[in-house]
Structures are given as structure tokens and as C-alpha cells.
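Novice: I am sharing work35.cif, which consists of mmCIF, C-alpha atoms:
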data_work
#
loop_
_atom_site.label_atom_id
_atom_site.label_comp_id
_atom_site.auth_asym_id
_atom_site.auth_seq_id
_atom_site.Cartn_x
_atom_site.Cartn_y
_atom_site.Cartn_z
CA MET D 1 -20.11 284.03 35.30
CA VAL D 2 -23.08 282.40 33.54
CA ALA D 3 -26.07 281.07 35.50
CA LYS D 4 -27.36 277.56 34.82
CA ASN D 5 -30.73 277.68 33.05
CA ILE D 6 -33.70 275.81 34.47
CA ILE D 7 -34.85 272.99 32.16
CA GLY D 8 -37.94 272.15 34.18
CA ILE D 9 -39.64 272.06 37.55
CA TYR D 10 -41.32 268.81 38.57
CA LYS D 11 -43.79 267.56 41.16
CA SER D 12 -43.71 263.93 42.23
CA GLY D 13 -44.51 261.75 39.24
CA SER D 14 -45.82 258.80 41.27
CA THR D 15 -46.72 257.91 44.86
CA HIS D 16 -46.47 254.38 46.24
CA TRP D 17 -45.38 252.19 49.13
CA VAL D 18 -41.95 250.55 49.21
CA GLY D 19 -42.58 247.47 51.31
CA ASP D 20 -44.81 248.44 54.23
CA GLY D 21 -42.41 250.92 55.79
CA PHE D 22 -41.81 253.73 53.33
CA HIS D 23 -44.55 255.77 51.66
CA VAL D 24 -42.65 257.51 48.85
CA ARG D 25 -43.11 260.23 46.29
CA ASN D 26 -40.93 259.60 43.25
CA LEU D 27 -39.33 262.58 41.47
CA PHE D 28 -37.42 260.57 38.88
CA PRO D 29 -37.31 258.44 36.75
CA SER D 30 -41.01 259.37 36.70
CA ASN D 31 -41.62 262.72 35.02
CA ASP D 32 -39.90 261.15 31.96
CA LEU D 33 -36.48 261.97 33.38
CA ASP D 34 -33.86 259.38 32.45
CA GLU D 35 -30.60 260.04 30.62
CA GLN D 36 -30.82 263.81 31.19
CA ILE D 37 -30.49 263.23 34.97
CA SER D 38 -27.33 261.05 34.64
CA PRO D 39 -25.42 259.96 36.72
CA PHE D 40 -28.50 259.84 38.97
CA LEU D 41 -31.18 257.22 38.37
CA LEU D 42 -33.91 257.60 40.99
CA LEU D 43 -35.03 259.88 43.78
CA ASP D 44 -37.70 258.71 46.25
CA TYR D 45 -38.89 260.99 49.04
CA ALA D 46 -40.31 258.93 51.91
CA GLY D 47 -42.66 260.73 54.26
CA PRO D 48 -42.89 262.61 56.42
CA SER D 49 -45.13 259.78 57.69
CA PHE D 50 -46.16 258.91 61.24
CA PHE D 51 -45.96 255.27 62.30
CA PRO D 52 -47.66 254.24 65.56
CA PRO D 53 -45.83 251.98 68.04
CA SER D 54 -45.59 248.42 66.72
CA THR D 55 -44.10 245.08 67.69
CA GLN D 56 -43.96 244.10 64.02
CA SER D 57 -41.08 244.85 61.66
CA HIS D 58 -41.94 247.41 58.98
CA GLY D 59 -39.81 248.19 55.96
CA VAL D 60 -38.76 246.43 52.78
CA GLY D 61 -37.56 242.84 53.04
CA GLU D 62 -34.87 240.90 51.20
CA HIS D 63 -34.35 242.12 47.63
CA PRO D 64 -31.42 242.34 45.17
CA HIS D 65 -29.57 245.12 43.36
CA ARG D 66 -26.89 245.16 40.66
CA GLY D 67 -25.13 247.86 38.61
CA PHE D 68 -25.56 250.99 40.74
CA GLU D 69 -25.44 252.53 44.23
CA THR D 70 -28.18 253.38 46.73
CA VAL D 71 -27.81 256.48 48.90
CA THR D 72 -30.16 256.79 51.88
CA ILE D 73 -30.37 260.08 53.80
CA VAL D 74 -32.42 260.01 57.02
CA TYR D 75 -34.08 263.20 58.28
CA GLN D 76 -36.46 261.68 60.85
CA GLY D 77 -36.71 258.13 62.19
CA SER D 78 -34.23 255.28 62.22
CA VAL D 79 -33.48 252.59 59.61
CA ALA D 80 -31.65 249.28 60.07
CA HIS D 81 -29.76 247.68 57.17
CA ARG D 82 -28.26 244.25 56.63
CA ASP D 83 -27.00 242.61 53.44
CA SER D 84 -25.63 239.43 51.92
CA ALA D 85 -22.05 240.73 52.14
CA GLY D 86 -22.31 240.68 55.94
CA ASN D 87 -22.75 244.43 56.43
CA ARG D 88 -25.07 245.74 59.13
CA GLY D 89 -25.82 249.27 60.21
CA VAL D 90 -28.35 251.65 61.73
CA ILE D 91 -28.78 255.21 60.50
CA GLY D 92 -30.76 257.92 62.26
CA PRO D 93 -31.45 261.62 61.74
CA GLY D 94 -28.62 263.26 59.80
CA ASP D 95 -26.94 259.97 58.91
CA VAL D 96 -26.32 258.60 55.40
CA GLN D 97 -25.90 255.08 54.06
CA TRP D 98 -24.03 254.71 50.74
CA MET D 99 -24.31 251.16 49.43
CA THR D 100 -22.54 250.10 46.24
CA ALA D 101 -24.42 247.10 44.85
CA ALA D 102 -22.07 246.77 41.84
CA SER D 103 -21.85 243.05 40.85
CA GLY D 104 -24.77 242.18 43.08
CA ILE D 105 -26.03 242.29 46.63
CA VAL D 106 -29.15 241.30 48.53
CA HIS D 107 -30.29 243.50 51.41
CA GLU D 108 -33.18 244.65 53.56
CA GLU D 109 -34.09 248.05 55.01
CA MET D 110 -36.33 247.99 58.07
CA HIS D 111 -37.51 250.39 60.73
CA GLU D 112 -34.99 250.06 63.54
CA LYS D 113 -36.41 248.01 66.45
CA ALA D 114 -36.50 250.76 69.11
CA PHE D 115 -38.02 253.23 66.64
CA ALA D 116 -40.70 250.71 65.70
CA GLN D 117 -41.55 250.03 69.35
CA HIS D 118 -41.88 253.72 70.23
CA GLY D 119 -43.32 254.89 66.90
CA GLY D 120 -42.68 258.30 65.37
CA MET D 121 -42.10 260.24 62.18
CA MET D 122 -40.19 258.68 59.28
CA GLU D 123 -38.66 260.98 56.67
CA MET D 124 -35.85 260.10 54.29
CA VAL D 125 -34.57 260.39 50.75
CA GLN D 126 -33.26 257.48 48.73
CA LEU D 127 -31.15 258.29 45.72
CA TRP D 128 -29.87 255.79 43.14
CA VAL D 129 -26.55 256.63 41.49
CA ASN D 130 -25.46 254.86 38.31
CA LEU D 131 -22.08 253.17 37.92
CA PRO D 132 -19.92 253.36 34.78
CA LYS D 133 -19.72 250.12 32.81
CA GLU D 134 -16.17 249.48 34.04
CA HIS D 135 -17.37 249.39 37.68
CA LYS D 136 -20.75 247.67 37.35
CA MET D 137 -19.30 244.24 38.13
CA SER D 138 -16.86 245.34 40.83
CA SER D 139 -17.18 244.13 44.43
CA PRO D 140 -20.02 245.51 46.57
CA ARG D 141 -19.15 248.21 49.12
CA TYR D 142 -20.95 249.68 52.13
CA GLN D 143 -20.41 253.07 53.76
CA THR D 144 -22.13 254.20 56.96
CA ILE D 145 -21.71 257.98 57.18
CA LEU D 146 -22.75 259.42 60.53
CA ASP D 147 -24.01 262.97 60.90
CA SER D 148 -20.93 263.78 62.99
CA ASP D 149 -18.67 262.73 60.08
CA ILE D 150 -20.26 265.14 57.58
CA PRO D 151 -18.54 268.56 57.32
CA ARG D 152 -20.71 271.66 57.75
CA VAL D 153 -20.04 274.98 56.09
CA ALA D 154 -21.58 278.26 57.24
CA LEU D 155 -22.87 280.04 54.14
CA ALA D 156 -22.00 283.69 53.44
CA ASP D 157 -23.95 286.46 55.17
CA GLU D 158 -25.27 283.98 57.76
CA SER D 159 -27.76 282.73 55.18
CA GLY D 160 -27.66 279.13 56.39
CA THR D 161 -25.57 275.96 56.50
CA LEU D 162 -24.48 273.35 53.97
CA ARG D 163 -23.49 269.75 54.77
CA ILE D 164 -21.09 268.11 52.30
CA ILE D 165 -22.12 264.46 51.96
CA ALA D 166 -20.02 263.92 48.82
CA GLY D 167 -17.69 266.06 46.74
CA LYS D 168 -16.25 269.42 47.68
CA PHE D 169 -17.45 272.84 48.78
CA SER D 170 -15.48 275.81 50.05
CA GLU D 171 -12.25 273.76 50.16
CA LYS D 172 -13.82 271.05 52.33
CA SER D 173 -14.56 267.49 51.18
CA GLY D 174 -17.41 265.15 52.03
CA PRO D 175 -16.74 261.64 53.40
CA ALA D 176 -18.54 259.58 50.72
CA LYS D 177 -16.34 257.66 48.29
CA THR D 178 -17.80 257.79 44.77
CA PHE D 179 -16.95 256.22 41.40
CA THR D 180 -17.79 259.31 39.35
CA PRO D 181 -17.38 262.97 40.37
CA ILE D 182 -20.43 263.81 42.50
CA ASN D 183 -21.34 266.73 44.75
CA LEU D 184 -24.18 266.01 47.17
CA TYR D 185 -25.14 268.86 49.51
CA ASP D 186 -27.75 268.99 52.28
CA VAL D 187 -28.67 272.65 52.75
CA ARG D 188 -30.64 274.71 55.27
CA LEU D 189 -31.47 278.32 54.36
CA LYS D 190 -32.91 281.02 56.61
CA ALA D 191 -36.06 282.86 55.54
CA GLY D 192 -35.32 285.89 53.39
CA ARG D 193 -31.68 284.97 52.81
CA SER D 194 -29.87 284.12 49.56
CA THR D 195 -26.85 282.11 48.52
CA ALA D 196 -25.08 281.17 45.28
CA VAL D 197 -23.55 277.77 44.55
CA LEU D 198 -20.91 277.09 41.89
CA PHE D 199 -20.69 273.95 39.74
CA PRO D 200 -18.36 272.64 37.01
CA ARG D 201 -19.54 273.26 33.44
CA GLY D 202 -20.97 270.22 31.69
CA THR D 203 -22.32 268.60 34.85
CA THR D 204 -25.86 267.54 35.73
CA THR D 205 -27.43 269.62 38.49
CA ALA D 206 -30.77 269.25 40.26
CA ILE D 207 -32.32 270.65 43.43
CA PHE D 208 -34.93 268.84 45.50
CA LEU D 209 -36.85 270.90 48.06
CA LEU D 210 -37.97 269.08 51.19
CA LYS D 211 -39.33 272.05 53.12
CA GLY D 212 -40.27 275.67 52.50
CA SER D 213 -40.23 277.74 49.33
CA ILE D 214 -37.28 279.08 47.32
CA THR D 215 -36.69 281.21 44.23
CA LEU D 216 -34.06 280.05 41.73
CA ASN D 217 -31.96 282.52 39.73
CA GLY D 218 -34.42 285.25 40.74
CA THR D 219 -37.07 283.95 38.33
CA GLN D 220 -38.79 280.66 39.23
CA SER D 221 -40.19 279.35 42.50
CA LEU D 222 -39.74 275.86 43.88
CA HIS D 223 -42.13 274.50 46.50
CA GLU D 224 -42.17 271.60 48.92
CA ALA D 225 -41.53 268.14 47.39
CA GLN D 226 -40.65 269.63 43.99
CA SER D 227 -37.41 269.34 42.04
CA ALA D 228 -35.67 271.56 39.51
CA LEU D 229 -33.36 270.33 36.76
CA PHE D 230 -30.75 272.63 35.18
CA ASP D 231 -28.92 272.52 31.87
CA LEU D 232 -25.31 271.40 31.52
CA GLU D 233 -24.02 274.86 30.69
CA GLY D 234 -23.43 277.70 33.10
CA GLU D 235 -21.58 277.66 36.38
CA HIS D 236 -23.76 278.91 39.19
CA ILE D 237 -27.25 278.92 40.69
CA SER D 238 -28.62 281.59 43.01
CA ILE D 239 -31.10 280.44 45.67
CA THR D 240 -33.33 282.71 47.76
CA ALA D 241 -35.36 281.30 50.64
CA ASN D 242 -38.86 282.81 50.67
CA GLU D 243 -39.31 281.00 54.00
CA GLU D 244 -37.08 278.69 56.02
CA ALA D 245 -36.01 275.96 53.60
CA ALA D 246 -34.40 272.51 53.52
CA LEU D 247 -33.05 271.29 50.20
CA LEU D 248 -30.85 268.64 48.65
CA ILE D 249 -28.50 269.65 45.83
CA LEU D 250 -27.36 266.95 43.37
CA ASN D 251 -24.49 267.55 40.98
CA GLY D 252 -22.53 264.99 39.00
CA GLU D 253 -20.65 264.17 35.83
CA PRO D 254 -22.95 262.47 33.29
CA ILE D 255 -22.21 258.85 32.39
CA LYS D 256 -22.56 258.77 28.62
CA GLU D 257 -23.35 255.09 28.24
CA PRO D 258 -26.52 253.13 27.36
CA ILE D 259 -28.91 252.43 30.24
CA ALA D 260 -30.89 249.19 30.51
CA ARG D 261 -33.01 248.83 33.65
CA TYR D 262 -35.40 246.28 35.03
CA GLY D 263 -36.64 246.64 38.61
CA PRO D 264 -33.62 246.42 40.94
CA PHE D 265 -31.05 245.99 38.14
CA VAL D 266 -29.43 248.76 36.05
CA MET D 267 -26.97 247.66 33.38
CA ASN D 268 -25.99 248.68 29.84
CA THR D 269 -27.74 246.01 27.75
CA ARG D 270 -30.83 243.80 27.89
CA GLU D 271 -28.57 240.74 27.84
CA GLU D 272 -26.87 241.96 31.04
CA ILE D 273 -30.28 242.40 32.68
CA VAL D 274 -31.20 238.82 31.80
CA ALA D 275 -27.87 237.64 33.25
CA ALA D 276 -28.49 239.61 36.45
CA THR D 277 -31.92 238.01 36.88
CA ARG D 278 -30.48 234.53 36.35
CA ASP D 279 -27.61 235.17 38.77
CA TYR D 280 -30.01 236.34 41.47
CA GLN D 281 -32.30 233.35 40.96
CA ALA D 282 -29.28 231.05 41.15
CA GLY D 283 -28.24 232.58 44.48
CA LYS D 284 -25.05 234.13 43.14
CA MET D 285 -25.82 237.45 44.87
CA GLY D 286 -26.24 235.68 48.18
CA HIS D 287 -29.12 235.69 50.66
CA LEU D 288 -29.75 237.02 54.14
#
Render the structure in this file as C-alpha cells.

Specialist:
Amino acid sequence: MVAKNIIGIYKSGSTHWVGDGFHVRNLFPSNDLDEQISPFLLLDYAGPSFFPPSTQSHGVGEHPHRGFETVTIVYQGSVAHRDSAGNRGVIGPGDVQWMTAASGIVHEEMHEKAFAQHGGMMEMVQLWVNLPKEHKMSSPRYQTILDSDIPRVALADESGTLRIIAGKFSEKSGPAKTFTPINLYDVRLKAGRSTAVLFPRGTTTAIFLLKGSITLNGTQSLHEAQSALFDLEGEHISITANEEAALLILNGEPIKEPIARYGPFVMNTREEIVAATRDYQAGKMGHL
């Protein structure tokens, strides 16, 4: 069985605020990663940041999306969502929100009221997942995935645990419904332990490390808030935890179509981006 080769290891390419509630480090599309990370479009790591008690609402207010999906994974804190399709939800530690913007949606993501009043640590990952052309103008969809709904697998030799957010692992399936084949794993590894993960040939694979230090394929180290991208060939990756580690594994089938992006819109052509902007300005994506 052939190991997947490491294409590169990346630190955050930019640091900025999203609204006034999420201080993020971006791993891609900064670092000049674009089509080679398909079907994924963006990974922002928010925090860990401490917010003092507040009576004001912090977060990112009303804004549109079209042509892709947003996946929000909360590790610390609590986030409230509402959108123009009438969906509302609150996700806390361990929970995931999978929102399909598709033809267009307007939403907001705010610190949940009780969390804001008490203050605390906020830590989360937001991932953008592209949609194939045939699904970009489909109806929006919203999935609240609670921690209790996500299957856990004990890794071999008591090396740690793996949560299956999407896709399959060890004959178990994650709850997220996806438009392209995607495996999304949230992994905890014990210090000094190793595990190996298998992937289909020809698929994009990346690892983002939230905590600790790991060695990949026995050769290269990955440290906190760094990501590793692997080539499309090969079938497995070996991971050794040099210290207790928390990591997110992304694996998906590339979408081999043109990408045109502008802010909150990701389509296939510039003309479709212009149309998305006009539709939003005309209120066709709705308002809160």
C-alpha cells in the first residue's frame, strides 16, 4: 500500500477579524492554495480567543452566500445562526452546522446570548466546500449536527478517537449529507501513539492541526495551527502524536470545473458572479 506524499506544509496565510466576533487565521485560499485543494475552498481557524462578558451581540451580521456550503465546527463557545430561509440553530462544543447556500441565502452568525453574557473562550473552524455546477443553483439546505449525533470510533491500539462528521470510517457513516464524496474526521490522538488512515486514490487530502505536534509518514512534523496537503496518489497516511493532539482530516473528490469567486459568491464564470451580485442587491436571496 502506497503512502500519500506531502505536497506542502503551511502556516496561516492571513489573520483577520470576521465581523467583531471571530478572530481567524486563514489556511486557504491564502498560501496560494486554490484548485489543488478542491472540493474545499476555505479554512478559517477562529481562536482560541477569550471574550469578556458583554450585553452586546458579537459575531458577523447579515451577509449572503451562493454556490457552495459552509461547515462550522465548534470546539469552545456557542454560536447562534439564523437565515433567510427561516432556519435557526445554536451549536456548542462538539456540534457542527452544515449550511448549503446553493442558489443563495442570507444569514448571520453571532455569539449565542448566554455565552455572550457570561463570556468565555471561542474556538471553531469554518470550512467552505464547493458545489458542482449542477448543484450550484439548487435550493438551500441547513443541517444542525449535534455532538451526540456524530459517531465515534476508537482507534487501534488505544491510540485515540475519531469522530465521523461526514463520509465513512471503519464501516460507520457520518450524519452530514454532502453533494460530492467527502470524508471529514475530527481526531484526538494520545501522546506517543500512532495511527494510519486510508483514503481513496485520486482524492484531495489535507490535515489541519489544532493542538499539539504530530509526525506525518514518519518524516515531517506538523505543529499547532498548521496544515499539510497531500498528493492525489497513494492510499494511506500514518500519523504519530509527539504530544496529545487534536486534528481535522479533510478528504474529498476534486471538482474539476472552473472556479470564479468574489467575496461570498463562488461560481464557475465571471458572468455568474455578476448575476449573483445583482440577485442579492435585488433581494432575491431574501433578508433577515

Novice: Determine, counting only C-alpha atoms, which protein, DNA and RNA residues have an atom within 7 Å of an atom of Val153 in chain D; residues of the same chain fewer than 4 positions away are not included. Present the result as an NGL selection string.

Specialist: :D and (161-163)

Novice: Could you jot down the CA of Gln281 in chain D to CA of Ser57 in chain D separation for me, Å, one decimal place?

Specialist: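 CA of Ser57 in chain D lies at a distance of 25.3 Å from CA of Gln281 in chain D.
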
Novice: Apply the PyMOL selection byres ((chain D and resi 69) around 8) to the displayed file and report the matching residues as a PyMOL selection string.

Specialist: chain D and resi 67-68+70-71+98-102+128-131

Novice: Do you know which residues the PyMOL selection byres ((chain D and resi 249-258) around 6) returns on this file, as a list of chain:residue names?

Specialist: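 Going through the file, the PyMOL selection byres ((chain D and resi 249-258) around 6) ends up selecting D:Ser38, D:Pro39, D:Pro181, D:Ile182, D:Asn183, D:Leu184, D:Tyr185, D:Thr203, D:Thr204, D:Thr205, D:Ala206, D:Ile207, D:Leu248, D:Ile259, D:Asn268.
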
Novice: Show which residues sit within 7 Å of Glu244 in chain D, as a list in words. Count all atoms listed in the file, and ignore same-chain residues fewer than 3 positions away.

Specialist: Leu189, Lys190, Ala191, Gly212 and Ala241 of chain D

Novice: Just how far from CA of Ala166 in chain D is CA of His135 in chain D, in Å to one decimal?

Specialist: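 Atom-to-atom, CA of His135 in chain D to CA of Ala166 in chain D, that is 18.5 Å.
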
Novice: Could you jot down the CA of Gln220 in chain D to CA of Ser194 in chain D separation for me, Å, one decimal place?

Specialist: 14.1 Å

Novice: Any chance you could work out the residue set of the PyMOL selection byres ((chain D and resi 3) around 9) here, as a ChimeraX atom specification?

Specialist: /D:1-2,4-5,217,233-238

Novice: Leaving out Gly92 in chain D and any residue of its chain fewer than 5 positions from it, which residues lie within 10 Å of it when counting all atoms listed in the file, given as a PyMOL selection string?

Specialist: chain D and resi 73-80+97+112+115+122+124+146-147

Novice: Do you know which residues lie at most 12 Å from (-23.8, 249.0, 52.5), with coordinates as in the file and only C-alpha atoms counted, and could you write them as a ChimeraX atom specification?

Specialist: /D:65,69-72,80-91,96-102,104-109,139-145,176

Novice: Go through range 176-237 of chain D and flag each residue having an atom no more than 12 Å from range 9-13 of chain D; for those, report the closest pair of atoms plus their distance in Å to one decimal, using only C-alpha atoms, ordered by chain and rising number, as a Markdown table.

Specialist:
| residue | atom | partner | partner_atom | distance |
| --- | --- | --- | --- | --- |
| D:Ala206 | CA | D:Ile9 | CA | 9.7 |
| D:Ile207 | CA | D:Ile9 | CA | 9.5 |
| D:Phe208 | CA | D:Tyr10 | CA | 9.4 |
| D:Leu209 | CA | D:Lys11 | CA | 10.3 |
| D:Leu210 | CA | D:Lys11 | CA | 11.7 |
| D:Thr215 | CA | D:Ile9 | CA | 11.7 |
| D:Leu216 | CA | D:Ile9 | CA | 10.6 |
| D:Gln220 | CA | D:Ile9 | CA | 8.8 |
| D:Ser221 | CA | D:Ile9 | CA | 8.8 |
| D:Leu222 | CA | D:Ile9 | CA | 7.4 |
| D:His223 | CA | D:Lys11 | CA | 8.9 |
| D:Glu224 | CA | D:Lys11 | CA | 8.9 |
| D:Ala225 | CA | D:Lys11 | CA | 6.7 |
| D:Gln226 | CA | D:Lys11 | CA | 4.7 |
| D:Ser227 | CA | D:Tyr10 | CA | 5.3 |
| D:Ala228 | CA | D:Ile9 | CA | 4.5 |
| D:Leu229 | CA | D:Ile9 | CA | 6.6 |
| D:Phe230 | CA | D:Ile9 | CA | 9.2 |

Novice: Kindly indicate which residue among D:Val197, D:Val187, D:Val24, D:Met121 lies nearest to Ala246 in chain D, using only C-alpha atoms for the distances.

Specialist: D:Val187

Novice: Which one of D:Tyr262, D:Tyr45, D:Phe199, D:Phe169 sits closest to Ser14 in chain D if you count all atoms listed in the file?

Specialist: D:Tyr45

Novice: Counting all atoms listed in the file, find residues at most 12 Å from (-47.7, 252.6, 61.9) (file frame) and give them as a PyMOL selection string.

Specialist: chain D and resi 20-23+49-59+111+115-122

Novice: Considering all atoms listed in the file, state which residue in the set D:Ile214, D:Val125, D:Ile150, D:Leu247 is at the smallest distance from Leu42 in chain D.

Specialist: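 Closest to Leu42 in chain D of all the choices is D:Val125.
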
Novice: List the neighbours of Glu171 in chain D out to 12 Å using only C-alpha atoms; skip same-chain residues closer than 5 positions along the sequence, and give me the result as a list of chain:residue names.

Specialist: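 These residues fall inside the cut-off: D:Pro151, D:Arg152, D:Val153, D:Ile164.
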
Novice: Can you tell me, as AutoDock Vina command-line options, the centre and edge lengths (Å, one decimal) of the axis-aligned box enclosing all of range 92-101 of chain D's listed atoms after padding each side by 3 Å?

Specialist:
--center_x -27.0 --center_y 255.2 --center_z 53.6 --size_x 14.9 --size_y 22.2 --size_z 23.4

Novice: Please determine, counting only C-alpha atoms, which residue among D:Ala156, D:Asn26, D:Leu33, D:Ser213 has the shortest atom-to-atom distance to Gly8 in chain D.

Specialist: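 Once distances to Gly8 in chain D are computed over only C-alpha atoms, the minimum belongs to D:Leu33.
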
Novice: Produce range 199-216 of chain D of the given structure as output with N, CA and C atoms, as a PDB file, in the first residue's frame.

Specialist:
ATOM      1  N   PHE D 199      -7.435   6.286   2.422  1.00  0.00           N
ATOM      2  CA  PHE D 199      -8.231   7.171   1.583  1.00  0.00           C
ATOM      3  C   PHE D 199      -8.300   6.614   0.166  1.00  0.00           C
ATOM      4  N   PRO D 200      -9.372   6.946  -0.578  1.00  0.00           N
ATOM      5  CA  PRO D 200      -9.446   6.519  -1.980  1.00  0.00           C
ATOM      6  C   PRO D 200      -8.376   7.214  -2.819  1.00  0.00           C
ATOM      7  N   ARG D 201      -7.803   6.493  -3.772  1.00  0.00           N
ATOM      8  CA  ARG D 201      -6.857   7.111  -4.712  1.00  0.00           C
ATOM      9  C   ARG D 201      -7.549   8.223  -5.498  1.00  0.00           C
ATOM     10  N   GLY D 202      -6.779   9.246  -5.836  1.00  0.00           N
ATOM     11  CA  GLY D 202      -7.315  10.324  -6.664  1.00  0.00           C
ATOM     12  C   GLY D 202      -8.103  11.360  -5.903  1.00  0.00           C
ATOM     13  N   THR D 203      -8.085  11.309  -4.564  1.00  0.00           N
ATOM     14  CA  THR D 203      -8.849  12.271  -3.783  1.00  0.00           C
ATOM     15  C   THR D 203      -7.927  13.271  -3.089  1.00  0.00           C
ATOM     16  N   THR D 204      -8.456  14.465  -2.873  1.00  0.00           N
ATOM     17  CA  THR D 204      -7.730  15.514  -2.166  1.00  0.00           C
ATOM     18  C   THR D 204      -7.737  15.211  -0.669  1.00  0.00           C
ATOM     19  N   THR D 205      -6.580  15.341  -0.036  1.00  0.00           N
ATOM     20  CA  THR D 205      -6.479  15.084   1.399  1.00  0.00           C
ATOM     21  C   THR D 205      -5.629  16.161   2.052  1.00  0.00           C
ATOM     22  N   ALA D 206      -6.123  16.690   3.179  1.00  0.00           N
ATOM     23  CA  ALA D 206      -5.385  17.673   3.954  1.00  0.00           C
ATOM     24  C   ALA D 206      -5.625  17.415   5.434  1.00  0.00           C
ATOM     25  N   ILE D 207      -4.641  17.785   6.243  1.00  0.00           N
ATOM     26  CA  ILE D 207      -4.765  17.670   7.700  1.00  0.00           C
ATOM     27  C   ILE D 207      -4.504  19.037   8.298  1.00  0.00           C
ATOM     28  N   PHE D 208      -5.416  19.462   9.191  1.00  0.00           N
ATOM     29  CA  PHE D 208      -5.214  20.709   9.925  1.00  0.00           C
ATOM     30  C   PHE D 208      -5.048  20.373  11.399  1.00  0.00           C
ATOM     31  N   LEU D 209      -3.967  20.862  12.003  1.00  0.00           N
ATOM     32  CA  LEU D 209      -3.665  20.554  13.398  1.00  0.00           C
ATOM     33  C   LEU D 209      -4.075  21.720  14.292  1.00  0.00           C
ATOM     34  N   LEU D 210      -5.018  21.451  15.202  1.00  0.00           N
ATOM     35  CA  LEU D 210      -5.472  22.474  16.129  1.00  0.00           C
ATOM     36  C   LEU D 210      -4.603  22.538  17.378  1.00  0.00           C
ATOM     37  N   LYS D 211      -4.112  21.381  17.815  1.00  0.00           N
ATOM     38  CA  LYS D 211      -3.409  21.318  19.093  1.00  0.00           C
ATOM     39  C   LYS D 211      -2.341  20.248  19.045  1.00  0.00           C
ATOM     40  N   GLY D 212      -1.178  20.524  19.636  1.00  0.00           N
ATOM     41  CA  GLY D 212      -0.139  19.519  19.774  1.00  0.00           C
ATOM     42  C   GLY D 212       0.876  19.536  18.660  1.00  0.00           C
ATOM     43  N   SER D 213       1.501  18.379  18.444  1.00  0.00           N
ATOM     44  CA  SER D 213       2.516  18.209  17.410  1.00  0.00           C
ATOM     45  C   SER D 213       2.441  16.773  16.912  1.00  0.00           C
ATOM     46  N   ILE D 214       2.480  16.592  15.592  1.00  0.00           N
ATOM     47  CA  ILE D 214       2.413  15.252  15.013  1.00  0.00           C
ATOM     48  C   ILE D 214       3.492  15.084  13.960  1.00  0.00           C
ATOM     49  N   THR D 215       3.825  13.831  13.661  1.00  0.00           N
ATOM     50  CA  THR D 215       4.729  13.498  12.566  1.00  0.00           C
ATOM     51  C   THR D 215       3.944  12.719  11.519  1.00  0.00           C
ATOM     52  N   LEU D 216       4.086  13.112  10.261  1.00  0.00           N
ATOM     53  CA  LEU D 216       3.336  12.515   9.159  1.00  0.00           C
ATOM     54  C   LEU D 216       4.239  11.603   8.348  1.00  0.00           C
TER      55      LEU D 216
END
